[in-house]
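Chemist: So I've got this file, input.txt, and it contains compact mmCIF, C-alpha atoms:
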```txt
# COMPACT_ATOMS: atom_id res chain seq x y z
CA MET A 1 19.84 -19.62 -61.31
CA THR A 2 18.37 -19.06 -64.77
CA ASN A 3 21.31 -17.42 -66.53
CA ALA A 4 22.65 -19.14 -69.62
CA LYS A 5 25.62 -21.40 -68.93
CA THR A 6 28.45 -22.49 -71.18
CA ILE A 7 30.17 -25.86 -70.90
CA TYR A 8 33.45 -26.69 -72.61
CA LEU A 9 33.36 -30.37 -73.56
CA VAL A 10 36.92 -31.58 -74.19
CA ASP A 11 37.27 -35.08 -75.67
CA ASP A 12 39.00 -36.48 -78.76
CA ASP A 13 36.30 -39.14 -79.26
CA ASP A 14 33.51 -37.83 -81.54
CA ASP A 15 30.97 -40.41 -80.35
CA ASP A 16 31.60 -39.71 -76.66
CA ARG A 17 31.21 -35.97 -77.22
CA MET A 18 27.95 -36.52 -79.08
CA LEU A 19 26.49 -38.76 -76.36
CA ILE A 20 27.49 -36.44 -73.52
CA ARG A 21 26.21 -33.41 -75.40
CA GLU A 22 22.83 -35.00 -76.16
CA ALA A 23 22.39 -36.11 -72.54
CA ILE A 24 23.21 -32.67 -71.14
CA GLU A 25 21.06 -30.77 -73.63
CA GLY A 26 18.16 -33.10 -72.84
CA ILE A 27 18.33 -32.29 -69.13
CA VAL A 28 20.01 -28.90 -68.60
CA LYS A 29 18.03 -25.86 -69.68
CA ASN A 30 19.61 -22.80 -71.31
CA VAL A 31 23.03 -24.34 -71.88
CA THR A 32 25.62 -23.83 -74.63
CA ILE A 33 28.14 -26.60 -75.23
CA VAL A 34 31.43 -25.85 -76.97
CA GLU A 35 33.10 -29.01 -78.30
CA ILE A 36 36.92 -29.22 -78.14
CA THR A 37 39.09 -32.12 -79.26
CA ASP A 38 42.16 -31.90 -76.99
CA GLY A 39 43.85 -30.03 -74.16
CA GLN A 40 45.97 -27.85 -76.43
CA GLU A 41 42.90 -26.61 -78.29
CA LEU A 42 41.24 -25.91 -74.94
CA LEU A 43 44.13 -23.71 -73.78
CA GLU A 44 44.25 -21.85 -77.08
CA LEU A 45 40.52 -21.16 -76.93
CA ILE A 46 40.34 -20.15 -73.30
CA GLU A 47 43.10 -17.55 -73.75
CA LYS A 48 40.79 -15.67 -76.13
CA VAL A 49 37.72 -15.78 -73.90
CA ASN A 50 36.49 -12.70 -72.06
CA LEU A 51 36.73 -13.65 -68.40
CA GLU A 52 33.29 -12.13 -67.84
CA THR A 53 31.81 -14.76 -70.18
CA ASP A 54 34.11 -17.70 -69.43
CA PRO A 55 32.71 -21.24 -69.23
CA SER A 56 30.61 -22.26 -66.24
CA LEU A 57 32.19 -25.72 -66.36
CA ILE A 58 34.86 -27.71 -68.20
CA LEU A 59 34.18 -31.42 -68.83
CA MET A 60 37.44 -33.04 -69.87
CA ASP A 61 38.67 -36.47 -70.87
CA MET A 62 41.88 -37.67 -69.23
CA ASN A 63 43.57 -39.34 -72.22
CA MET A 64 43.84 -37.15 -75.33
CA PRO A 65 46.41 -36.53 -78.08
CA ARG A 66 48.75 -33.50 -78.16
CA MET A 67 47.99 -32.62 -74.53
CA SER A 68 46.36 -34.89 -71.95
CA GLY A 69 43.69 -33.87 -69.52
CA ILE A 70 46.14 -34.02 -66.61
CA GLU A 71 48.61 -31.72 -68.40
CA SER A 72 46.02 -29.11 -69.35
CA LEU A 73 44.43 -29.35 -65.88
CA SER A 74 47.75 -28.47 -64.26
CA ILE A 75 48.17 -25.42 -66.49
CA LEU A 76 44.62 -24.18 -65.91
CA LYS A 77 44.72 -24.53 -62.13
CA SER A 78 48.13 -22.87 -61.86
CA ASN A 79 46.75 -19.73 -63.58
CA PRO A 80 45.12 -17.43 -60.96
CA SER A 81 42.80 -15.93 -63.57
CA LEU A 82 41.42 -19.37 -64.48
CA ARG A 83 41.37 -21.23 -61.13
CA HIS A 84 37.72 -20.37 -60.56
CA ILE A 85 36.49 -22.48 -63.50
CA PRO A 86 35.27 -25.86 -62.18
CA ILE A 87 36.70 -28.87 -64.00
CA VAL A 88 35.13 -32.33 -64.02
CA MET A 89 37.27 -35.08 -65.49
CA ILE A 90 35.49 -37.89 -67.33
CA SER A 91 37.48 -40.98 -68.24
CA THR A 92 37.39 -44.75 -68.59
CA THR A 93 40.42 -45.23 -66.33
CA SER A 94 40.05 -46.93 -62.97
CA ASN A 95 43.70 -46.32 -62.07
CA ASN A 96 43.54 -45.02 -58.50
CA GLU A 97 46.89 -43.24 -58.76
CA LEU A 98 45.77 -41.29 -61.83
CA ILE A 99 42.48 -40.37 -60.15
CA ARG A 100 44.37 -39.23 -57.05
CA GLN A 101 46.77 -37.23 -59.24
CA ALA A 102 43.85 -35.50 -60.95
CA TYR A 103 42.38 -34.47 -57.59
CA ASP A 104 45.80 -33.31 -56.39
CA GLN A 105 46.05 -31.16 -59.52
CA GLY A 106 42.72 -29.53 -58.69
CA ILE A 107 39.79 -31.23 -60.44
CA ASN A 108 36.43 -30.69 -58.78
CA ALA A 109 35.26 -34.23 -59.47
CA TYR A 110 36.06 -37.40 -61.40
CA ILE A 111 33.30 -39.31 -63.21
CA THR A 112 33.74 -42.66 -64.91
CA LYS A 113 32.76 -42.48 -68.57
CA PRO A 114 29.26 -43.92 -69.11
CA VAL A 115 28.60 -47.04 -71.15
CA SER A 116 24.80 -46.81 -71.50
CA ILE A 117 22.22 -44.14 -72.30
CA GLN A 118 20.89 -44.42 -68.74
CA GLU A 119 24.37 -43.72 -67.37
CA TYR A 120 24.81 -40.73 -69.70
CA ASN A 121 21.54 -39.29 -68.39
CA HIS A 122 22.71 -39.96 -64.83
CA LEU A 123 25.92 -38.05 -65.60
CA ALA A 124 23.93 -35.12 -67.00
CA GLU A 125 21.72 -34.99 -63.89
CA ALA A 126 24.79 -35.04 -61.65
CA ILE A 127 26.41 -32.18 -63.58
CA ASN A 128 23.19 -30.18 -63.48
CA VAL A 129 22.75 -30.46 -59.72
CA CYS A 130 26.34 -30.53 -58.47
CA PHE A 131 28.13 -28.02 -60.71
CA LEU A 132 25.65 -25.73 -62.44
CA SER A 133 23.69 -24.61 -59.35
CA ASN A 134 20.45 -25.81 -60.94
CA TYR A 135 17.57 -27.42 -59.11
CA PRO A 136 16.98 -31.10 -59.87
CA THR A 137 14.75 -32.08 -62.76
CA LEU A 138 13.89 -35.33 -60.99
CA LYS A 139 11.80 -35.44 -57.83
CA SER A 140 13.05 -38.71 -56.42
CA ILE A 141 16.13 -40.88 -56.38
CA PRO A 142 16.22 -44.61 -57.15
CA ALA A 143 15.12 -46.66 -54.15
CA SER A 144 17.98 -49.07 -54.80
CA ILE A 145 20.56 -46.40 -53.92
CA ASN A 146 21.56 -46.83 -50.29
CA LEU A 147 22.65 -43.59 -48.65
CA THR A 148 22.26 -44.76 -45.07
CA THR A 149 26.00 -45.03 -44.42
CA GLN A 150 26.76 -41.49 -45.50
CA GLN A 151 28.03 -39.02 -42.92
CA ILE A 152 27.67 -35.31 -43.64
CA LEU A 153 29.26 -32.40 -41.78
CA ILE A 154 27.26 -29.17 -42.04
CA ILE A 155 29.10 -25.95 -41.18
CA GLU A 156 26.38 -23.39 -40.49
CA ASP A 157 26.32 -20.48 -38.02
CA ASN A 158 22.58 -19.78 -38.33
CA HIS A 159 20.56 -22.05 -36.03
CA ASP A 160 17.32 -21.71 -38.02
CA HIS A 161 19.10 -22.62 -41.26
CA TRP A 162 20.66 -25.64 -39.56
CA GLU A 163 17.28 -26.83 -38.32
CA LEU A 164 15.87 -26.49 -41.85
CA MET A 165 18.76 -28.43 -43.39
CA LYS A 166 18.54 -31.11 -40.71
CA LEU A 167 14.80 -31.50 -41.29
CA THR A 168 15.31 -31.62 -45.05
CA LEU A 169 18.03 -34.26 -45.00
CA ASN A 170 16.48 -36.39 -42.27
CA THR A 171 13.19 -36.39 -44.17
CA SER A 172 14.74 -37.70 -47.37
CA MET A 173 17.47 -39.85 -45.78
CA PRO A 174 16.34 -40.72 -42.25
CA ASN A 175 19.35 -42.88 -41.37
CA ILE A 176 22.01 -40.45 -42.50
CA LYS A 177 24.41 -39.17 -39.81
CA LEU A 178 24.55 -35.36 -39.56
CA THR A 179 26.96 -33.24 -37.54
CA ARG A 180 26.96 -29.47 -37.22
CA THR A 181 29.82 -27.09 -36.49
CA GLU A 182 29.45 -23.32 -36.30
CA ASP A 183 32.85 -21.77 -37.07
CA ARG A 184 36.48 -22.41 -37.96
CA GLU A 185 37.53 -23.45 -34.45
CA SER A 186 34.70 -25.93 -33.86
CA THR A 187 35.20 -27.43 -37.33
CA LEU A 188 38.91 -28.05 -36.86
CA LEU A 189 38.28 -29.39 -33.35
CA PHE A 190 35.69 -31.84 -34.71
CA LEU A 191 38.02 -33.07 -37.46
CA THR A 192 40.96 -33.34 -35.05
CA ASP A 193 38.93 -35.34 -32.52
CA ARG A 194 37.69 -37.73 -35.21
CA LEU A 195 41.24 -38.28 -36.43
CA LYS A 196 42.71 -38.66 -32.95
CA ASN A 197 40.08 -41.22 -31.94
CA ALA A 198 40.35 -43.15 -35.23
CA GLN A 199 36.72 -42.41 -36.06
CA PRO A 200 35.47 -42.07 -39.64
CA LEU A 201 35.61 -38.61 -41.13
CA PRO A 202 32.54 -37.24 -42.92
CA GLU A 203 32.03 -38.30 -46.52
CA LEU A 204 30.67 -34.91 -47.54
CA ILE A 205 30.98 -31.38 -46.13
CA LEU A 206 28.37 -28.67 -46.70
CA LEU A 207 29.78 -25.22 -45.88
CA ASP A 208 27.70 -22.07 -45.61
CA LEU A 209 29.54 -19.28 -47.44
CA TYR A 210 28.46 -16.33 -45.31
CA MET A 211 29.66 -17.12 -41.76
CA PRO A 212 28.50 -14.34 -41.33
CA ASN A 213 30.72 -12.76 -44.04
CA ARG A 214 32.01 -14.37 -47.21
CA SER A 215 35.61 -14.01 -46.06
CA ASP A 216 34.79 -16.08 -42.96
CA GLY A 217 33.41 -18.94 -45.05
CA LEU A 218 36.40 -18.85 -47.40
CA GLN A 219 38.79 -18.92 -44.43
CA ILE A 220 37.04 -22.04 -43.11
CA LEU A 221 37.31 -23.63 -46.55
CA ALA A 222 41.06 -22.90 -46.66
CA ALA A 223 41.53 -24.20 -43.10
CA ILE A 224 39.85 -27.52 -43.94
CA ARG A 225 41.95 -27.96 -47.07
CA ASN A 226 45.11 -27.21 -45.07
CA PHE A 227 44.03 -29.74 -42.42
CA PHE A 228 43.64 -32.46 -45.08
CA THR A 229 47.03 -31.63 -46.59
CA MET A 230 48.86 -31.43 -43.25
CA HIS A 231 47.56 -34.83 -42.15
CA ARG A 232 47.86 -36.39 -45.62
CA LEU A 233 44.20 -37.34 -45.58
CA MET A 234 42.04 -38.48 -48.45
CA MET A 235 40.15 -35.69 -50.14
CA ILE A 236 36.66 -35.04 -48.76
CA PRO A 237 34.36 -33.10 -51.11
CA ILE A 238 33.32 -29.67 -49.84
CA ILE A 239 30.18 -28.13 -51.29
CA VAL A 240 29.69 -24.44 -50.59
CA ILE A 241 26.04 -23.55 -49.97
CA SER A 242 24.60 -20.04 -50.02
CA SER A 243 21.46 -18.05 -50.69
CA SER A 244 23.58 -15.96 -53.05
CA ASP A 245 23.70 -16.76 -56.76
CA HIS A 246 26.08 -13.86 -57.43
CA ILE A 247 28.77 -14.87 -59.90
CA ASP A 248 31.54 -13.40 -57.72
CA ASP A 249 30.54 -15.63 -54.79
CA ILE A 250 30.55 -18.68 -57.05
CA LYS A 251 33.92 -17.82 -58.61
CA GLU A 252 35.58 -17.12 -55.24
CA SER A 253 34.35 -20.41 -53.84
CA TYR A 254 35.75 -22.36 -56.77
CA ARG A 255 38.94 -20.31 -56.74
CA ASN A 256 39.43 -21.41 -53.14
CA SER A 257 39.04 -25.12 -54.03
CA ALA A 258 35.37 -25.80 -53.31
CA ASN A 259 34.24 -28.95 -55.10
CA GLY A 260 30.79 -27.56 -55.86
CA TYR A 261 28.47 -24.62 -55.21
CA MET A 262 24.81 -24.90 -54.31
CA VAL A 263 22.31 -22.04 -54.23
CA LYS A 264 19.84 -22.48 -51.37
CA SER A 265 16.14 -22.28 -52.15
CA PRO A 266 13.68 -20.50 -49.85
CA ASP A 267 11.21 -23.25 -50.71
CA LEU A 268 11.44 -26.23 -48.34
CA GLU A 269 10.30 -28.78 -50.92
CA ASP A 270 12.83 -27.56 -53.49
CA SER A 271 15.58 -27.70 -50.88
CA LEU A 272 14.58 -31.22 -49.89
CA PHE A 273 15.01 -32.55 -53.41
CA TYR A 274 18.15 -30.48 -53.98
CA PHE A 275 19.94 -31.79 -50.85
CA GLN A 276 18.68 -35.29 -51.56
CA GLU A 277 20.02 -35.37 -55.11
CA LEU A 278 23.24 -33.58 -54.20
CA ALA A 279 24.10 -36.28 -51.66
CA HIS A 280 22.88 -39.00 -54.04
CA PHE A 281 25.05 -37.90 -56.96
CA TRP A 282 28.18 -37.38 -54.90
CA LYS A 283 27.83 -40.94 -53.67
CA SER A 284 26.62 -42.68 -56.83
CA ALA A 285 28.11 -40.77 -59.78
CA ILE A 286 31.37 -39.24 -58.60
CA THR A 287 34.52 -41.26 -57.93
CA LEU A 288 36.96 -40.26 -55.19
CA PRO A 289 40.45 -41.71 -54.73
CA LYS A 290 40.50 -44.92 -52.72
CA LYS A 291 42.63 -45.41 -49.62
CA VAL A 292 45.85 -47.30 -50.26
```
With the file now loaded, output its structure as structure tokens.
Modeler:
Amino acid sequence: MTNAKTIYLVDDDDDDRMLIREAIEGIVKNVTIVEITDGQELLELIEKVNLETDPSLILMDMNMPRMSGIESLSILKSNPSLRHIPIVMISTTSNNELIRQAYDQGINAYITKPVSIQEYNHLAEAINVCFLSNYPTLKSIPASINLTTQQILIIEDNHDHWELMKLTLNTSMPNIKLTRTEDRESTLLFLTDRLKNAQPLPELILLDLYMPNRSDGLQILAAIRNFFTMHRLMMIPIIVISSSDHIDDIKESYRNSANGYMVKSPDLEDSLFYFQELAHFWKSAITLPKKV
């Protein structure tokens, strides 16, 4: 995707906003960053925005004056006309209950606030790949990052696409465990069997949007979310993948609680690096609630 993107950066700390802004602008091409100082200002601004030109992403601090990130998050996600805007919360807190609460309220991801320039650049790369549907600017991940324990569920009805994804991921991460399901029934059966047999659930789910129609993919997404809720399971990130970069497909995926949206590339090498960095950033940069 080459269209210009707008990010709302919501944080009451001037220095933090400056550092995040500089890191993103140094890595993400064709991006506009709108700086906002608190949740109340965010809500006042977003009410005036034409929904055809609304932000591609909101980056929001958790602790702010007037209105906290959690309070404004709840208001945004309860508004049907705004639910499609992905929200990444960035904070210094390590309080598991607050992180869990933020996910329950509908954030797409939680990232711990950086403390070094290297970490700010890492944050910018993660945002670029995971939430802006952009291809990675790097062509390798640090060798010190161990992804061998990661388990990924791929929901894909096209056999050729599955073989390509399997080749791509196994090439970059040869010890990763991959499982494929093909529809709603096989996905729920897989998750039920894992739960019944006390086996680990996948750490990441990649869901093809057109299965073969968009409505089918969205129904699978809703069914997985309902399964997690019904069994009171920890949140597992679901990344929708598609060859489509149409804004309506992206908005509908986020509106239905996808954590991220990835546009497939017809180029094998591009896809290899994209899948590799997507898995890398979800494991190394993004914090999920811990089991209690």
Chemist: Pick from A:Ile20, A:Met211, A:Glu71, A:Ser81: nearest to Val49 in chain A, with only C-alpha atoms counted?
Modeler: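 Once distances to Val49 in chain A are computed over only C-alpha atoms, the minimum belongs to A:Ser81.
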Chemist: Might you pull out every residue within 9 Å of range 237-246 of chain A, with only C-alpha atoms counted and same-chain residues fewer than 6 positions away left off, and present them as a list in words?
Modeler: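 So, after excluding close chain neighbours, the residues are Met1, Asn108, Ala109, Cys130, Ser133, Glu203, Leu204, Ile205, Leu206, Leu207, Asp208, Leu209, Tyr210, Gly217, Leu221, Ser253, Tyr254, Ser257, Ala258, Asn259, Gly260, Tyr261, Met262, Val263, Lys264, Ser265, Pro266, Trp282 and Leu288 of chain A.
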Chemist: When you draw a straight line from CA of Phe131 in chain A to CA of Val88 in chain A, how long is it in Å?
Modeler: 8.9 Å
Chemist: Residues near Arg66 in chain A, anyone? I mean within 8 Å using all atoms listed in the file, not counting same-chain ones fewer than 4 positions away, as a PyMOL selection string.
Modeler: chain A and resi 38-40
Chemist: Kindly indicate which residue among A:Glu252, A:Glu185, A:Glu25, A:Asp12 lies nearest to Leu123 in chain A, using only C-alpha atoms for the distances.
Modeler: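 Using only C-alpha atoms, Leu123 in chain A sits closest to A:Glu25.
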Chemist: Find the spatial neighbours of Trp162 in chain A, counting all atoms listed in the file, within a cut-off of 12 Å - ignore same-chain residues fewer than 4 positions away - and output them as number ranges by chain.
Modeler: A: 153-158, 166-170, 178-182, 206-208, 241
Chemist: Select, from A:His231, A:His84, A:Arg21, A:Lys177, the residue with the minimum atom-to-atom distance to Ile7 in chain A, counting all atoms listed in the file.
Modeler: A:Arg21
Chemist: Compute the distance from (50.3, -29.8, -67.6) to each atom, counting all atoms listed in the file, keep the residues with any atom at most 12 Å away, and return them as a compact mmCIF listing (two decimals) with C-alpha atoms, keeping the file's coordinate frame; use the coordinates of the file.
Modeler:
```
# COMPACT_ATOMS: atom_id res chain seq x y z
CA GLY A 39 43.85 -30.03 -74.16
CA GLN A 40 45.97 -27.85 -76.43
CA LEU A 43 44.13 -23.71 -73.78
CA MET A 62 41.88 -37.67 -69.23
CA ARG A 66 48.75 -33.50 -78.16
CA MET A 67 47.99 -32.62 -74.53
CA SER A 68 46.36 -34.89 -71.95
CA GLY A 69 43.69 -33.87 -69.52
CA ILE A 70 46.14 -34.02 -66.61
CA GLU A 71 48.61 -31.72 -68.40
CA SER A 72 46.02 -29.11 -69.35
CA LEU A 73 44.43 -29.35 -65.88
CA SER A 74 47.75 -28.47 -64.26
CA ILE A 75 48.17 -25.42 -66.49
CA LEU A 76 44.62 -24.18 -65.91
CA LYS A 77 44.72 -24.53 -62.13
CA SER A 78 48.13 -22.87 -61.86
CA ASN A 79 46.75 -19.73 -63.58
CA GLN A 101 46.77 -37.23 -59.24
CA ALA A 102 43.85 -35.50 -60.95
CA GLN A 105 46.05 -31.16 -59.52
CA GLY A 106 42.72 -29.53 -58.69
```
Chemist: What gap, in Å, lies between CA of Tyr8 in chain A and CA of Phe275 in chain A?
Modeler: 26.1 Å
Chemist: Check the smallest atom-to-atom distance from each of A:Ala279, A:Ala223, A:His159, A:Tyr110 to Ser186 in chain A using only C-alpha atoms, then report the winner.
Modeler: A:Ala223
Chemist: What gap, in Å, lies between CA of Glu125 in chain A and CA of Asp15 in chain A?
Modeler: 19.6 Å
Chemist: So which residues touch Glu47 in chain A within 10 Å, counting all atoms listed in the file, skipping near sequence neighbours fewer than 5 positions away, as a ChimeraX atom specification?
Modeler: /A:42,54,82
Chemist: With distances taken over only C-alpha atoms, which residue among A:Lys5, A:Lys283, A:Arg255, A:Lys29 lies nearest Arg83 in chain A?
Modeler: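 Looking at the shortest contact to Arg83 in chain A, the residue is A:Arg255.
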Chemist: Using the partial input, fill out range 279-290 of chain A with all heavy atoms; write the result as an mmCIF file, keeping the file's coordinate frame.
Modeler:
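Heads up, here's the output in part.cif:
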```
data_model
loop_
_atom_site.group_PDB
_atom_site.id
_atom_site.type_symbol
_atom_site.label_atom_id
_atom_site.label_comp_id
_atom_site.auth_asym_id
_atom_site.auth_seq_id
_atom_site.Cartn_x
_atom_site.Cartn_y
_atom_site.Cartn_z
ATOM 1 N N ALA A 279 23.457 -35.179 -52.383
ATOM 2 C CA ALA A 279 24.100 -36.280 -51.660
ATOM 3 C C ALA A 279 24.096 -37.562 -52.506
ATOM 4 O O ALA A 279 25.079 -38.309 -52.531
ATOM 5 C CB ALA A 279 23.382 -36.517 -50.334
ATOM 6 N N HIS A 280 22.997 -37.807 -53.203
ATOM 7 C CA HIS A 280 22.880 -39.000 -54.040
ATOM 8 C C HIS A 280 23.954 -39.022 -55.132
ATOM 9 O O HIS A 280 24.663 -40.016 -55.311
ATOM 10 C CB HIS A 280 21.493 -39.050 -54.663
ATOM 11 C CG HIS A 280 21.366 -39.958 -55.843
ATOM 12 N ND1 HIS A 280 21.681 -41.300 -55.789
ATOM 13 C CD2 HIS A 280 20.970 -39.711 -57.116
ATOM 14 C CE1 HIS A 280 21.465 -41.846 -56.971
ATOM 15 N NE2 HIS A 280 21.058 -40.905 -57.795
ATOM 16 N N PHE A 281 24.108 -37.912 -55.840
ATOM 17 C CA PHE A 281 25.050 -37.900 -56.960
ATOM 18 C C PHE A 281 26.493 -37.948 -56.497
ATOM 19 O O PHE A 281 27.337 -38.582 -57.135
ATOM 20 C CB PHE A 281 24.795 -36.686 -57.847
ATOM 21 C CG PHE A 281 23.561 -36.809 -58.701
ATOM 22 C CD1 PHE A 281 22.566 -35.846 -58.656
ATOM 23 C CD2 PHE A 281 23.384 -37.898 -59.535
ATOM 24 C CE1 PHE A 281 21.434 -35.959 -59.426
ATOM 25 C CE2 PHE A 281 22.241 -38.030 -60.312
ATOM 26 C CZ PHE A 281 21.268 -37.047 -60.265
ATOM 27 N N TRP A 282 26.794 -37.301 -55.381
ATOM 28 C CA TRP A 282 28.180 -37.380 -54.900
ATOM 29 C C TRP A 282 28.538 -38.788 -54.468
ATOM 30 O O TRP A 282 29.696 -39.180 -54.497
ATOM 31 C CB TRP A 282 28.420 -36.374 -53.774
ATOM 32 C CG TRP A 282 28.874 -35.063 -54.324
ATOM 33 C CD1 TRP A 282 28.124 -33.952 -54.564
ATOM 34 C CD2 TRP A 282 30.205 -34.728 -54.754
ATOM 35 N NE1 TRP A 282 28.893 -32.968 -55.120
ATOM 36 C CE2 TRP A 282 30.171 -33.404 -55.241
ATOM 37 C CE3 TRP A 282 31.412 -35.423 -54.774
ATOM 38 C CZ2 TRP A 282 31.305 -32.776 -55.743
ATOM 39 C CZ3 TRP A 282 32.534 -34.796 -55.273
ATOM 40 C CH2 TRP A 282 32.476 -33.485 -55.751
ATOM 41 N N LYS A 283 27.541 -39.563 -54.081
ATOM 42 C CA LYS A 283 27.830 -40.940 -53.670
ATOM 43 C C LYS A 283 27.766 -41.918 -54.832
ATOM 44 O O LYS A 283 28.539 -42.870 -54.883
ATOM 45 C CB LYS A 283 26.853 -41.373 -52.576
ATOM 46 C CG LYS A 283 27.270 -42.671 -51.864
ATOM 47 C CD LYS A 283 26.462 -42.882 -50.621
ATOM 48 C CE LYS A 283 26.943 -44.120 -49.856
ATOM 49 N NZ LYS A 283 28.234 -43.908 -49.191
ATOM 50 N N SER A 284 26.875 -41.669 -55.792
ATOM 51 C CA SER A 284 26.620 -42.680 -56.830
ATOM 52 C C SER A 284 27.309 -42.381 -58.158
ATOM 53 O O SER A 284 27.574 -43.303 -58.935
ATOM 54 C CB SER A 284 25.111 -42.809 -57.071
ATOM 55 O OG SER A 284 24.595 -41.619 -57.639
ATOM 56 N N ALA A 285 27.586 -41.112 -58.452
ATOM 57 C CA ALA A 285 28.110 -40.770 -59.780
ATOM 58 C C ALA A 285 29.565 -40.350 -59.766
ATOM 59 O O ALA A 285 30.253 -40.477 -60.773
ATOM 60 C CB ALA A 285 27.257 -39.657 -60.400
ATOM 61 N N ILE A 286 30.038 -39.850 -58.648
ATOM 62 C CA ILE A 286 31.370 -39.240 -58.600
ATOM 63 C C ILE A 286 32.339 -40.158 -57.881
ATOM 64 O O ILE A 286 32.034 -40.685 -56.800
ATOM 65 C CB ILE A 286 31.295 -37.851 -57.943
ATOM 66 C CG1 ILE A 286 30.467 -36.919 -58.848
ATOM 67 C CG2 ILE A 286 32.685 -37.282 -57.692
ATOM 68 C CD1 ILE A 286 30.052 -35.641 -58.221
ATOM 69 N N THR A 287 33.495 -40.377 -58.471
ATOM 70 C CA THR A 287 34.520 -41.260 -57.930
ATOM 71 C C THR A 287 35.583 -40.458 -57.197
ATOM 72 O O THR A 287 36.113 -39.478 -57.737
ATOM 73 C CB THR A 287 35.197 -42.063 -59.058
ATOM 74 O OG1 THR A 287 34.195 -42.833 -59.728
ATOM 75 C CG2 THR A 287 36.280 -42.990 -58.509
ATOM 76 N N LEU A 288 35.881 -40.866 -55.974
ATOM 77 C CA LEU A 288 36.960 -40.260 -55.190
ATOM 78 C C LEU A 288 38.121 -41.253 -55.113
ATOM 79 O O LEU A 288 37.920 -42.461 -55.275
ATOM 80 C CB LEU A 288 36.482 -39.912 -53.781
ATOM 81 C CG LEU A 288 35.357 -38.881 -53.700
ATOM 82 C CD1 LEU A 288 34.874 -38.753 -52.263
ATOM 83 C CD2 LEU A 288 35.801 -37.527 -54.230
ATOM 84 N N PRO A 289 39.334 -40.778 -54.867
ATOM 85 C CA PRO A 289 40.450 -41.710 -54.730
ATOM 86 C C PRO A 289 40.224 -42.682 -53.586
ATOM 87 O O PRO A 289 39.659 -42.313 -52.549
ATOM 88 C CB PRO A 289 41.646 -40.797 -54.438
ATOM 89 C CG PRO A 289 41.224 -39.445 -54.877
ATOM 90 C CD PRO A 289 39.749 -39.367 -54.700
ATOM 91 N N LYS A 290 40.634 -43.913 -53.773
ATOM 92 C CA LYS A 290 40.500 -44.920 -52.720
ATOM 93 C C LYS A 290 41.718 -44.890 -51.806
ATOM 94 O O LYS A 290 42.811 -44.488 -52.204
ATOM 95 C CB LYS A 290 40.366 -46.325 -53.326
ATOM 96 C CG LYS A 290 39.138 -46.512 -54.189
ATOM 97 C CD LYS A 290 39.094 -47.911 -54.737
ATOM 98 C CE LYS A 290 37.804 -48.159 -55.541
ATOM 99 N NZ LYS A 290 37.713 -47.301 -56.723
#
```
